[in-house]
Structure formats: structure tokens, C-alpha cells
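Undergrad: model-v1.cif is the file, holding mmCIF, C-alpha atoms and all ligand atoms:
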data_run
loop_
_atom_site.label_atom_id
_atom_site.label_comp_id
_atom_site.auth_asym_id
_atom_site.auth_seq_id
_atom_site.Cartn_x
_atom_site.Cartn_y
_atom_site.Cartn_z
CA MET A 1 15.45 5.11 3.44
CA LYS A 2 15.06 2.61 6.24
CA VAL A 3 11.77 1.40 7.71
CA TYR A 4 11.46 0.59 11.43
CA PHE A 5 8.57 -1.06 13.25
CA ILE A 6 8.57 0.03 16.87
CA THR A 7 6.61 -0.27 20.10
CA GLU A 8 4.91 2.33 22.29
CA ASN A 9 7.80 2.15 24.77
CA GLU A 10 10.42 2.88 22.13
CA TYR A 11 8.48 5.63 20.37
CA SER A 12 9.41 8.93 22.02
CA GLU A 13 13.12 8.11 22.32
CA PHE A 14 13.17 6.92 18.69
CA MET A 15 11.56 10.14 17.44
CA LYS A 16 14.06 12.21 19.43
CA ILE A 17 17.07 10.36 18.03
CA HIS A 18 15.88 10.65 14.41
CA LYS A 19 14.45 14.17 14.60
CA GLY A 20 14.71 15.95 11.26
CA TYR A 21 15.12 12.69 9.38
CA ILE A 22 11.61 11.22 9.76
CA PHE A 23 10.07 10.90 6.29
CA ARG A 24 6.93 9.05 7.31
CA ALA A 25 5.49 8.04 10.69
CA ILE A 26 2.33 5.96 11.06
CA GLU A 27 0.58 4.79 14.17
CA PHE A 28 -1.68 1.75 13.74
CA THR A 29 -4.43 2.24 16.27
CA HIS A 30 -7.95 1.28 17.32
CA SER A 31 -8.81 4.97 17.56
CA LEU A 32 -10.60 6.82 14.74
CA GLU A 33 -8.78 10.13 15.14
CA LYS A 34 -7.55 12.35 12.34
CA SER A 35 -3.83 12.32 11.68
CA THR A 36 -1.62 15.07 13.10
CA ALA A 37 1.05 17.02 11.23
CA LEU A 38 3.88 14.68 12.19
CA LEU A 39 2.02 11.41 12.74
CA SER A 40 -0.40 9.61 10.41
CA LYS A 41 -2.97 7.54 12.22
CA ALA A 42 -4.26 4.47 10.44
CA SER A 43 -7.33 3.00 12.11
CA VAL A 44 -6.03 -0.53 11.72
CA ALA A 45 -5.36 -2.70 14.78
CA PRO A 46 -1.80 -3.89 15.45
CA LEU A 47 -1.56 -7.61 16.27
CA ALA A 48 1.80 -7.46 18.03
CA GLU A 49 3.69 -4.97 20.20
CA GLN A 50 5.01 -3.10 17.15
CA LYS A 51 2.43 -0.43 16.37
CA TYR A 52 4.43 2.34 14.66
CA GLU A 53 5.92 2.24 11.18
CA ILE A 54 8.63 4.87 10.79
CA TRP A 55 10.52 5.68 7.59
CA VAL A 56 13.86 7.28 8.34
CA SER A 57 15.67 9.08 5.55
CA GLU A 58 19.45 9.31 5.14
CA LYS A 59 19.08 12.97 4.20
CA LYS A 60 17.40 15.69 6.23
CA VAL A 61 13.72 15.94 5.31
CA LYS A 62 11.66 19.02 4.50
CA ASN A 63 8.16 19.29 5.96
CA SER A 64 5.78 21.45 3.98
CA THR A 65 2.21 22.03 2.97
CA ILE A 66 1.55 21.63 -0.76
CA ASP A 67 -1.87 23.10 -1.65
CA GLU A 68 -3.00 22.61 1.98
CA VAL A 69 -1.85 19.00 1.94
CA THR A 70 0.63 17.81 4.58
CA SER A 71 3.77 16.70 2.74
CA VAL A 72 7.36 15.69 3.41
CA SER A 73 10.19 15.57 0.93
CA SER A 74 13.54 13.84 0.91
CA GLY A 75 15.63 14.07 -2.24
CA ASN A 76 13.67 12.55 -5.10
CA LEU A 77 10.70 11.47 -2.93
CA ILE A 78 7.63 13.31 -1.66
CA TYR A 79 5.02 11.81 0.64
CA SER A 80 1.60 13.46 1.01
CA ARG A 81 -1.42 12.54 3.10
CA PHE A 82 -5.02 13.09 2.06
CA GLU A 83 -8.01 12.55 4.28
CA ASP A 84 -11.63 13.54 4.28
CA ASP A 85 -14.85 12.73 6.09
CA GLU A 86 -17.63 11.37 3.95
CA LYS A 87 -19.87 14.33 3.41
CA LEU A 88 -22.05 12.96 0.62
CA ASN A 89 -20.96 9.34 0.17
CA LEU A 90 -17.81 7.26 -0.24
CA GLU A 91 -17.79 7.36 -4.04
CA ASN A 92 -17.89 11.13 -4.07
CA THR A 93 -15.31 11.52 -1.28
CA THR A 94 -12.93 9.16 -3.10
CA TYR A 95 -13.46 11.00 -6.38
CA ASN A 96 -12.69 14.36 -4.78
CA LEU A 97 -9.57 13.17 -2.95
CA TYR A 98 -8.17 11.59 -6.13
CA LYS A 99 -8.99 14.74 -8.09
CA LYS A 100 -6.87 16.63 -5.56
CA ILE A 101 -4.06 14.06 -5.82
CA PHE A 102 -3.99 14.45 -9.61
CA SER A 103 -4.03 18.23 -9.41
CA ILE A 104 -0.97 18.24 -7.12
CA LEU A 105 0.69 15.64 -9.37
CA LYS A 106 0.35 17.84 -12.45
CA LYS A 107 0.97 21.22 -10.85
CA ASN A 108 4.25 20.04 -9.36
CA ASN A 109 5.34 17.85 -12.28
CA LEU A 110 5.55 14.72 -10.13
CA ASN A 111 5.12 10.99 -10.73
CA LEU A 112 3.05 8.50 -8.74
CA VAL A 113 5.08 5.76 -7.08
CA ARG A 114 2.80 4.09 -4.55
CA ILE A 115 -0.56 4.70 -2.88
CA TRP A 116 -2.05 3.39 0.39
CA ASN A 117 -5.85 3.53 0.63
CA TYR A 118 -7.42 3.08 4.08
CA VAL A 119 -11.12 2.59 3.44
CA PRO A 120 -13.36 2.70 6.55
CA ASN A 121 -15.62 -0.38 6.87
CA ILE A 122 -14.46 -1.60 3.48
CA LEU A 123 -16.70 -4.69 3.29
CA ASP A 124 -19.91 -3.09 4.58
CA GLU A 125 -22.75 -3.62 2.12
CA SER A 126 -25.63 -2.15 4.04
CA GLY A 127 -25.86 0.71 1.51
CA THR A 128 -26.50 0.52 -2.21
CA LEU A 129 -23.26 -1.34 -2.97
CA GLU A 130 -20.37 -2.83 -1.00
CA ARG A 131 -18.16 0.07 0.12
CA TYR A 132 -15.00 -1.17 -1.62
CA ARG A 133 -17.00 -1.16 -4.86
CA GLN A 134 -18.23 2.39 -4.21
CA PHE A 135 -14.62 3.41 -3.53
CA ASN A 136 -13.53 1.82 -6.82
CA ILE A 137 -16.17 3.69 -8.80
CA GLY A 138 -15.00 7.04 -7.40
CA ARG A 139 -11.31 6.22 -7.87
CA ASN A 140 -11.87 4.97 -11.42
CA LYS A 141 -13.91 8.01 -12.41
CA ALA A 142 -11.26 10.42 -11.14
CA TRP A 143 -8.57 8.41 -12.92
CA GLU A 144 -10.45 8.41 -16.23
CA GLU A 145 -11.01 12.17 -16.01
CA PHE A 146 -7.78 13.48 -14.47
CA GLY A 147 -5.31 10.59 -14.22
CA PRO A 148 -1.79 10.80 -15.68
CA LYS A 149 -1.27 9.38 -19.19
CA ASP A 150 1.78 8.18 -21.10
CA THR A 151 2.77 9.25 -24.62
CA ASN A 152 0.44 6.59 -26.08
CA ASN A 153 -2.43 8.17 -24.14
CA LYS A 154 -2.66 5.16 -21.80
CA LEU A 155 -3.30 5.70 -18.10
CA ILE A 156 -0.25 5.46 -15.82
CA ILE A 157 -1.15 3.33 -12.78
CA PRO A 158 1.17 2.81 -9.78
CA ALA A 159 1.41 0.22 -7.00
CA ALA A 160 -1.13 0.44 -4.16
CA SER A 161 -2.83 -1.20 -1.25
CA GLY A 162 -6.56 -1.03 -0.60
CA ILE A 163 -7.40 -2.11 2.89
CA GLY A 164 -10.05 -1.68 5.56
CA ALA A 165 -10.09 0.77 8.43
CA LEU A 166 -12.15 0.58 11.60
CA GLY A 167 -13.96 3.84 10.84
CA GLY A 168 -13.21 7.56 10.69
CA PRO A 169 -12.31 9.48 7.53
CA LEU A 170 -11.11 8.00 4.23
CA LYS A 171 -7.30 8.26 4.32
CA ILE A 172 -4.96 8.07 1.35
CA GLY A 173 -1.16 8.21 1.54
CA VAL A 174 0.68 8.97 -1.69
CA LEU A 175 4.37 8.53 -2.46
CA PHE A 176 5.42 10.80 -5.34
CA SER A 177 8.78 11.08 -7.08
CA LYS A 178 10.54 13.60 -9.26
CA GLU A 179 12.13 10.83 -11.36
CA LYS A 180 10.11 8.49 -13.59
CA PRO A 181 9.19 5.12 -12.08
CA VAL A 182 8.29 1.87 -13.88
CA HIS A 183 4.97 0.15 -13.10
CA ILE A 184 4.95 -3.64 -13.07
CA ASN A 185 2.33 -6.39 -13.32
CA ASN A 186 2.34 -10.10 -12.53
CA PRO A 187 1.93 -12.80 -15.21
CA ARG A 188 0.11 -15.01 -12.65
CA GLN A 189 -2.51 -12.33 -12.09
CA ILE A 190 -4.82 -10.35 -14.34
CA SER A 191 -3.88 -6.68 -14.01
CA ALA A 192 -6.26 -5.27 -11.40
CA TYR A 193 -7.46 -2.51 -13.75
CA ASN A 194 -8.54 -5.28 -16.17
CA TYR A 195 -10.56 -7.27 -13.61
CA SER A 196 -14.00 -8.30 -14.92
CA ASN A 197 -17.12 -6.73 -13.44
CA LYS A 198 -17.59 -9.83 -11.27
CA TYR A 199 -15.66 -7.79 -8.66
CA GLY A 200 -17.55 -4.55 -9.08
CA PRO A 201 -18.80 -2.19 -11.78
CA LYS A 202 -15.39 -0.47 -12.00
CA PRO A 203 -12.00 -2.12 -11.49
CA PRO A 204 -9.41 -1.17 -8.86
CA MET A 205 -6.71 1.09 -10.25
CA PHE A 206 -3.30 -0.27 -9.28
CA SER A 207 -0.30 -2.13 -10.68
CA ARG A 208 1.32 -5.02 -8.82
CA ALA A 209 4.58 -3.16 -8.11
CA THR A 210 6.49 0.00 -8.94
CA TYR A 211 10.24 0.28 -9.48
CA LEU A 212 11.99 3.58 -8.88
CA PRO A 213 15.62 3.51 -10.05
CA ASN A 214 18.13 4.21 -7.27
CA VAL A 215 15.38 4.00 -4.64
CA GLY A 216 13.64 0.66 -4.68
CA LEU A 217 10.84 -1.69 -5.61
CA PHE A 218 7.42 -1.10 -4.03
CA ILE A 219 5.22 -4.20 -3.88
CA SER A 220 1.44 -3.71 -3.81
CA GLY A 221 -0.84 -5.41 -1.36
CA THR A 222 -0.78 -9.00 -2.62
CA ALA A 223 -3.27 -11.76 -1.89
CA SER A 224 -4.13 -15.31 -2.84
CA ILE A 225 -5.45 -14.34 -6.25
CA VAL A 226 -4.50 -16.16 -9.44
CA GLY A 227 -5.95 -14.85 -12.68
CA GLU A 228 -8.65 -12.79 -11.04
CA ASN A 229 -10.05 -15.36 -8.65
CA SER A 230 -9.43 -15.81 -4.93
CA LEU A 231 -7.99 -19.26 -4.20
CA HIS A 232 -8.06 -21.52 -1.11
CA HIS A 233 -11.23 -20.29 0.59
CA GLY A 234 -10.99 -20.65 4.35
CA ASP A 235 -7.37 -21.90 4.32
CA HIS A 236 -4.98 -19.51 6.07
CA LYS A 237 -1.89 -21.55 5.29
CA LYS A 238 -2.56 -22.10 1.59
CA GLN A 239 -3.54 -18.45 1.06
CA THR A 240 -0.27 -17.34 2.65
CA ILE A 241 1.77 -19.68 0.44
CA GLU A 242 -0.09 -18.57 -2.72
CA THR A 243 0.44 -14.91 -1.79
CA MET A 244 4.19 -15.43 -1.30
CA ARG A 245 4.33 -17.28 -4.62
CA ASN A 246 2.72 -14.27 -6.32
CA ILE A 247 5.30 -11.94 -4.78
CA GLU A 248 8.17 -14.27 -5.66
CA LEU A 249 7.31 -14.28 -9.37
CA LEU A 250 6.48 -10.57 -9.40
CA ILE A 251 9.96 -9.57 -8.21
CA SER A 252 11.91 -12.26 -10.08
CA LYS A 253 14.33 -11.52 -12.90
CA LYS A 254 12.05 -13.50 -15.23
CA ASN A 255 9.33 -10.87 -14.73
CA LEU A 256 11.35 -7.68 -14.22
CA VAL A 257 13.47 -8.20 -17.34
CA ASN A 258 10.32 -7.43 -19.38
CA TYR A 259 10.32 -3.93 -17.87
CA GLY A 260 13.97 -3.16 -18.57
CA ILE A 261 14.97 -3.64 -14.94
CA PRO A 262 18.52 -4.98 -14.83
CA LYS A 263 18.13 -7.51 -12.01
CA GLY A 264 15.70 -9.70 -10.16
CA TYR A 265 15.00 -10.05 -6.46
CA SER A 266 13.95 -12.75 -4.05
CA LEU A 267 11.84 -12.67 -0.88
CA LYS A 268 14.90 -12.27 1.33
CA ASP A 269 15.66 -8.94 -0.38
CA ILE A 270 12.43 -7.40 0.94
CA THR A 271 13.54 -4.86 3.52
CA ASP A 272 10.17 -4.29 5.23
CA TRP A 273 6.84 -6.05 5.19
CA ARG A 274 3.24 -5.44 6.24
CA ILE A 275 1.01 -8.45 6.82
CA TYR A 276 -2.75 -7.87 7.10
CA VAL A 277 -4.71 -10.69 8.70
CA LYS A 278 -8.50 -10.90 8.53
CA ASP A 279 -9.14 -13.31 11.42
CA ILE A 280 -7.20 -13.14 14.68
CA TYR A 281 -7.50 -16.91 15.04
CA GLY A 282 -5.62 -17.36 11.76
CA ALA A 283 -2.74 -15.07 12.75
CA LYS A 284 -0.44 -17.69 14.33
CA LEU A 285 -0.62 -20.00 11.32
CA ILE A 286 -0.14 -17.15 8.85
CA GLU A 287 2.90 -15.89 10.75
CA LYS A 288 4.40 -19.36 11.00
CA THR A 289 3.89 -20.00 7.28
CA PHE A 290 5.37 -16.60 6.40
CA LEU A 291 8.46 -17.13 8.60
CA ASN A 292 8.89 -20.68 7.36
CA LYS A 293 9.03 -19.48 3.78
CA LEU A 294 11.82 -17.03 4.65
CA LYS A 295 13.75 -19.71 6.56
CA GLU A 296 16.88 -18.40 8.25
CA ASN A 297 16.32 -14.82 7.07
CA LYS A 298 14.69 -12.81 9.85
CA PRO A 299 12.25 -10.43 8.16
CA ASN A 300 11.45 -6.89 9.31
CA TYR A 301 7.64 -6.88 9.48
CA ILE A 302 4.51 -5.54 11.12
CA PHE A 303 1.48 -7.66 11.75
CA LEU A 304 -1.97 -6.04 11.45
CA HIS A 305 -5.60 -7.07 11.93
CA ASP A 306 -7.73 -5.85 9.07
CA ASP A 307 -10.51 -6.53 6.64
CA ILE A 308 -9.21 -7.20 3.17
CA CYS A 309 -11.15 -6.00 0.15
CA ARG A 310 -12.73 -9.35 -0.71
CA ASP A 311 -14.54 -11.24 2.01
CA ASN A 312 -12.87 -14.52 1.00
CA LEU A 313 -9.31 -13.17 1.37
CA LEU A 314 -7.76 -14.04 4.74
CA VAL A 315 -4.35 -12.44 4.29
CA GLU A 316 -2.73 -9.64 2.30
CA ILE A 317 1.00 -8.99 2.20
CA GLU A 318 2.97 -6.00 0.91
CA GLY A 319 6.60 -5.01 1.06
CA THR A 320 9.40 -2.82 -0.16
CA ILE A 321 12.90 -3.47 -1.39
CA PHE A 322 14.97 -0.37 -0.72
CA THR A 323 17.98 -0.67 -2.96
CA LYS A 324 21.19 1.26 -2.63
CA SER A 325 22.20 2.89 -5.89
C1 LIG A 401 -6.07 -7.76 -5.25
O1 LIG A 401 -5.02 -8.23 -5.68
C2 LIG A 401 -6.16 -7.62 -3.75
O2 LIG A 401 -7.79 -1.44 -4.25
O3 LIG A 401 -5.89 -0.38 -4.26
C3 LIG A 401 -4.49 -5.13 -3.53
C4 LIG A 401 -3.78 -3.94 -3.74
C5 LIG A 401 -5.87 -5.10 -3.52
C6 LIG A 401 -4.46 -2.72 -3.93
C7 LIG A 401 -6.56 -1.42 -4.16
C8 LIG A 401 -6.54 -3.87 -3.71
C9 LIG A 401 -5.85 -2.70 -3.93
O4 LIG A 401 -7.02 -7.43 -5.97
C10 LIG A 401 -6.66 -6.35 -3.27
#
With the file now loaded, output its structure as C-alpha cells.
Ligand code: 3EB

TA:
Amino acid sequence: MKVYFITENEYSEFMKIHKGYIFRAIEFTHSLEKSTALLSKASVAPLAEQKYEIWVSEKKVKNSTIDEVTSVSSGNLIYSRFEDDEKLNLENTTYNLYKKIFSILKKNNLNLVRIWNYVPNILDESGTLERYRQFNIGRNKAWEEFGPKDTNNKLIIPAASGIGALGGPLKIGVLFSKEKPVHINNPRQISAYNYSNKYGPKPPMFSRATYLPNVGLFISGTASIVGENSLHHGDHKKQTIETMRNIELLISKKNLVNYGIPKGYSLKDITDWRIYVKDIYGAKLIEKTFLNKLKENKPNYIFLHDDICRDNLLVEIEGTIFTKS
């Protein structure tokens, strides 16, 4: 798999060239439209000319509908998209979408690799509870009731991102695999599913990364959090450095060896990045700090403007290391 970030001008030619091999195509847009069969629309504003993220597979892909859910498969991997308008409330919508995810997971004997949650108006607290917290209650409830469990009866929790969207339906993208992945946490950070109730009545359900042998390492949305607390309030530069430090340790040999993974990685191994920036005025400094850290290695990244799930977080960074077997 290879991930490309492309501009409006390049889009139609690119799709023509790679026809039949497109595993995942996302447009980051100000619009609130529903996704179409071949193009996911994330209502997240692009900050640079690159506004499409396209995953191109080496093998021909198969487009299908699994239980009315738009899905694509390529070898060991399956990607499915779930979206729904909020009929009752966000908690209930989240619960129902996750219930559906778990039913497909079990029926088709799949594993969870990585999840992207696009939560409309994530920080809004005009209702009973901040919307990210409502989302977490629904997600947690579905997980407790229907989530996958290991042989010790412990919940299996994959990598994820939980980010804001400008509006529209709740959208969830799920990467499944036929082979068993390994879910990884970070010794600098409390596992998100063990966060205290300081951050909401129910914790967010995700691990810090997921490793899928012969495919790659999927790094969750990572922020300037150490332990469970946000560090460097108001400081774009320091939050970026702290975030990169978290990723560095997460993917290092020192951490991965505890999960039976034969080697470690460094930041330059990350094949594609997403950077979410809360304030446009902080974008230049965040980008400079990010590029500085990678030195001579020119990263493949997309730069997005988005609310992050805690008001004091100014930047969130995620990435993937696609390995060749
Ligand atoms: C954090 O570390 C930052 O709710 O699925 C990162 C990745 C974050 C995933 C999610 C939230 C989620 O807590 C926020």
C-alpha cells in the first residue's frame, strides 16, 4: 500500500491512472456532504493545496457492500465506512454505529486494525455534556456489550483517531484484517481506556498503535499528553515536540520488543502523516517544528485544520509505517 496526498488539479488524472487499485480515497472538505461510493468525504478543512488522501494498493482491489456497508478489500485488508445522522443524540448514534461495526467484525471473522472517528462539533458543550464525552459514552457502551475479547476475556482495542468535523453525520472509517494484529501502548502515556474520569464519565477506547505483520504499523492520533494530562498549554512549538517524542518512544525497539515485534522504527520510517492543527495562526510554527525534527528527510504529509478532542490540545499527529514483508 502507498499513500498519496494530492491536489484538486491532480485528482481526476490520478484516479484514472490508478483505477482498480484505489483502496481508500478521502476528500478533506469544508462541505458537510455524505460520502459517495468511491470517495469518502471528511468535513475537515485542508490547510494546504493537498486535499485528497489516496491509498493505492499493489494488488487489484475488490469493491463490495458488506451488510449494506461500503467496503473495499485488498489481500488481507478490508476498509469499511460507517456514517449516520444523529437521529436521537450523539451517544445513541455512536452506540449504534459501533454495534454495527462489531456485528460485521464477528460475522466475517475479522480483526480490528485501526479506526478513524470524525465527530461533528466535537468540543460543543451546549447540550448536557461535551460532545466528545457523549461520543465516548456510546462507544464505550457498545464496546463493553459487543466488543471483541481475547482468550483472557479482556477487550481487544485497536489504534484510532478521534477528531472534530465541521458538521454533518458522524463518520467512522474502519480498517479490518484477516490476520491477527498486535495492539500497542506507550509507556509515557496512560492507556486511553484507563484514563480517569477527569476526562469524561467513560474513557476513549483506543490503543496507541497497531502492528499488522507484513503490512505495517498504524500510529494513533497522538498529542502532547504525558500520563493523562495535556502539557504545554498555549505553546504550539512545545506541544509539537512533545507529540513527536511520544511517537518516537511508541515506535522504538525499546517499546515494541515488549510486544514481540522484531524491530523498532524511527520517525523517518513513517511513510505518511496527518497533522491536525487547532488554530490556523499556529500552523506555520507547528509545520516548521515538525519538519525540523525530521531534518533532511522529506516527509509525506497532509496538513489539516481541526478541533482536537481536548480544548487545550493545539496539535494532533498520526502516521503509518507501511513495511514490505
Ligand atoms: C489522546 O491521546 C488524544 O477518541 O479515538 C487520540 C486518538 C485521541 C484517538 C479517540 C482520541 C482518540 O487522548 C486524543

Undergrad: Would you work out the distance separating atom CA of A:Asn186 from atom CA of A:Val226, expressed in Å to one decimal?

TA: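 Computed distance, atom CA of A:Asn186 to atom CA of A:Val226, equals 9.6 Å.
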
Undergrad: May I ask which of the residues A:Gly147, A:Gly127, A:Pro203, A:Pro169 is the closest one to A:Thr93, counting all atoms listed in the file?

TA: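 Once distances to A:Thr93 are computed over all atoms listed in the file, the minimum belongs to A:Pro169.
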
Undergrad: With all atoms listed in the file as the counted atoms, please give the residues lying no more than 7 Å from A:Phe102, apart from itself and same-chain residues fewer than 4 positions off, as JSON, numbers by chain.

TA: {"A": [98, 106, 146, 147]}

Undergrad: Residues within 7 Å of ligand LIG 401 (chain A) should be enumerated using only C-alpha atoms and all ligand atoms and returned as a ChimeraX atom specification.

TA: /A:117,160-163,192,204-206,220-223,225,308-309

Undergrad: From the options A:Ile321, A:Pro158, A:Phe290, A:Lys202, which residue's atoms come nearest to A:Glu242, counting all atoms listed in the file?

TA: A:Phe290

Undergrad: Hey, can you check how far atom CA of A:Lys178 sits from atom CA of A:Pro213?

TA: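 Interatomic distance here is 11.3 Å.
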
Undergrad: Counting all atoms listed in the file, I want the residues whose atoms come within 8 Å of (3.8, -15.8, -14.5) in the file frame, returned as a PDB file with C-alpha atoms, in the coordinates of the input.

TA:
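File written: part-v8.pdb
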ATOM      1  CA  ASN A 186       2.340 -10.100 -12.530  1.00  0.00           C
ATOM      2  CA  PRO A 187       1.930 -12.800 -15.210  1.00  0.00           C
ATOM      3  CA  ARG A 188       0.110 -15.010 -12.650  1.00  0.00           C
ATOM      4  CA  GLN A 189      -2.510 -12.330 -12.090  1.00  0.00           C
ATOM      5  CA  LEU A 249       7.310 -14.280  -9.370  1.00  0.00           C
ATOM      6  CA  LEU A 250       6.480 -10.570  -9.400  1.00  0.00           C
ATOM      7  CA  ASN A 255       9.330 -10.870 -14.730  1.00  0.00           C
TER       8      ASN A 255
END

Undergrad: Name the residues in contact with stretch 58-62 of chain A at a cut-off of 6 Å, using only C-alpha atoms, excluding same-chain residues fewer than 6 positions from it; report them as a list in words.

TA: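 Result of the neighbour search: Gly20, Tyr21, Val72, Ser73 and Ser74 of chain A.
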
Undergrad: Let me see the file: selected residues, C-alpha atoms, as a compact mmCIF listing (two decimals), in the coordinates of the input.

TA:
# COMPACT_ATOMS: atom_id res chain seq x y z
CA GLY A 20 14.71 15.95 11.26
CA TYR A 21 15.12 12.69 9.38
CA VAL A 72 7.36 15.69 3.41
CA SER A 73 10.19 15.57 0.93
CA SER A 74 13.54 13.84 0.91

Undergrad: Which value, in Å to one decimal, gives the distance between atom CA of A:Thr29 and atom CA of A:Asn300?

TA: 19.6 Å

Undergrad: Applying 9 Å and only C-alpha atoms, which residues near A:Glu91 remain after dropping the ones on its own chain fewer than 6 positions away? List them as a list in words.

TA: Arg131, Arg133, Gln134, Phe135, Asn136, Ile137, Gly138 and Arg139 of chain A

Undergrad: Here's a test: counting all atoms listed in the file, identify every protein, DNA and RNA residue with an atom at most 8 Å from (-0.9, 13.8, -0.4) in the file's coordinate frame, and state them as a list in words.

TA: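 Output of the proximity query reads Val69, Thr70, Ser71, Tyr79, Ser80, Arg81, Phe82, Ile101, Ile172, Gly173, Val174 and Leu175 of chain A.
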
Undergrad: Need the axis-aligned box for stretch 226-233 of chain A with 5 Å each side, so what are the centre and edges in Å to one decimal, as JSON?

TA:
{"center_x": -7.9, "center_y": -17.2, "center_z": -6.0, "size_x": 16.7, "size_y": 18.7, "size_z": 23.3}

Undergrad: Would you mind telling me which residue in A:Lys237, A:Lys295, A:Lys100, A:Arg114 lies nearest to A:Ser177 when using only C-alpha atoms?

TA: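 Between A:Lys237, A:Lys295, A:Lys100, A:Arg114, the residue approaching A:Ser177 most closely is A:Arg114.
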
Undergrad: From the options A:Lys298, A:Lys253, A:His305, A:Lys263, which residue's atoms come nearest to A:Ile280, counting all atoms listed in the file?

TA: A:His305

Undergrad: Hey, which of A:Asn214, A:Asn312, A:Thr240, A:Asn246 ends up closest to A:Ala283? Count only C-alpha atoms.

TA: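 Looking at the shortest contact to A:Ala283, the residue is A:Thr240.
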
Undergrad: Got a sec to write stretch 102-114 of chain A of the block to a file, N, CA, C and O atoms, as a compact mmCIF listing (two decimals), in the first residue's frame?

TA:
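Output below, filename result_2.txt:
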# COMPACT_ATOMS: atom_id res chain seq x y z
N PHE A 102 -19.14 -4.05 15.18
CA PHE A 102 -18.85 -5.31 15.88
C PHE A 102 -19.61 -6.49 15.27
O PHE A 102 -19.13 -7.62 15.29
N SER A 103 -20.78 -6.22 14.73
CA SER A 103 -21.53 -7.32 14.13
C SER A 103 -20.84 -7.78 12.84
O SER A 103 -20.70 -8.98 12.58
N ILE A 104 -20.36 -6.83 12.04
CA ILE A 104 -19.62 -7.18 10.82
C ILE A 104 -18.31 -7.89 11.17
O ILE A 104 -17.92 -8.88 10.56
N LEU A 105 -17.65 -7.38 12.21
CA LEU A 105 -16.39 -7.97 12.69
C LEU A 105 -16.56 -9.47 12.97
O LEU A 105 -15.77 -10.30 12.54
N LYS A 106 -17.61 -9.78 13.72
CA LYS A 106 -17.82 -11.17 14.15
C LYS A 106 -18.32 -12.04 13.03
O LYS A 106 -17.83 -13.15 12.83
N LYS A 107 -19.29 -11.52 12.29
CA LYS A 107 -19.91 -12.31 11.21
C LYS A 107 -18.88 -12.73 10.17
O LYS A 107 -18.96 -13.80 9.59
N ASN A 108 -17.91 -11.85 9.93
CA ASN A 108 -16.92 -12.12 8.87
C ASN A 108 -15.57 -12.58 9.42
O ASN A 108 -14.60 -12.66 8.67
N ASN A 109 -15.54 -12.84 10.75
CA ASN A 109 -14.31 -13.35 11.36
C ASN A 109 -13.10 -12.46 11.13
O ASN A 109 -12.03 -12.93 10.77
N LEU A 110 -13.29 -11.14 11.31
CA LEU A 110 -12.22 -10.19 11.03
C LEU A 110 -11.58 -9.70 12.32
O LEU A 110 -12.04 -10.03 13.42
N ASN A 111 -10.52 -8.92 12.16
CA ASN A 111 -9.85 -8.26 13.30
C ASN A 111 -9.88 -6.75 13.07
O ASN A 111 -9.86 -6.30 11.92
N LEU A 112 -9.89 -5.99 14.15
CA LEU A 112 -9.81 -4.52 14.03
C LEU A 112 -8.35 -4.11 13.97
O LEU A 112 -7.54 -4.55 14.77
N VAL A 113 -8.02 -3.26 13.02
CA VAL A 113 -6.65 -2.75 12.92
C VAL A 113 -6.59 -1.29 13.35
O VAL A 113 -5.80 -0.90 14.20
N ARG A 114 -7.45 -0.46 12.72
CA ARG A 114 -7.38 0.96 13.03
C ARG A 114 -8.71 1.63 12.69
O ARG A 114 -9.37 1.26 11.71
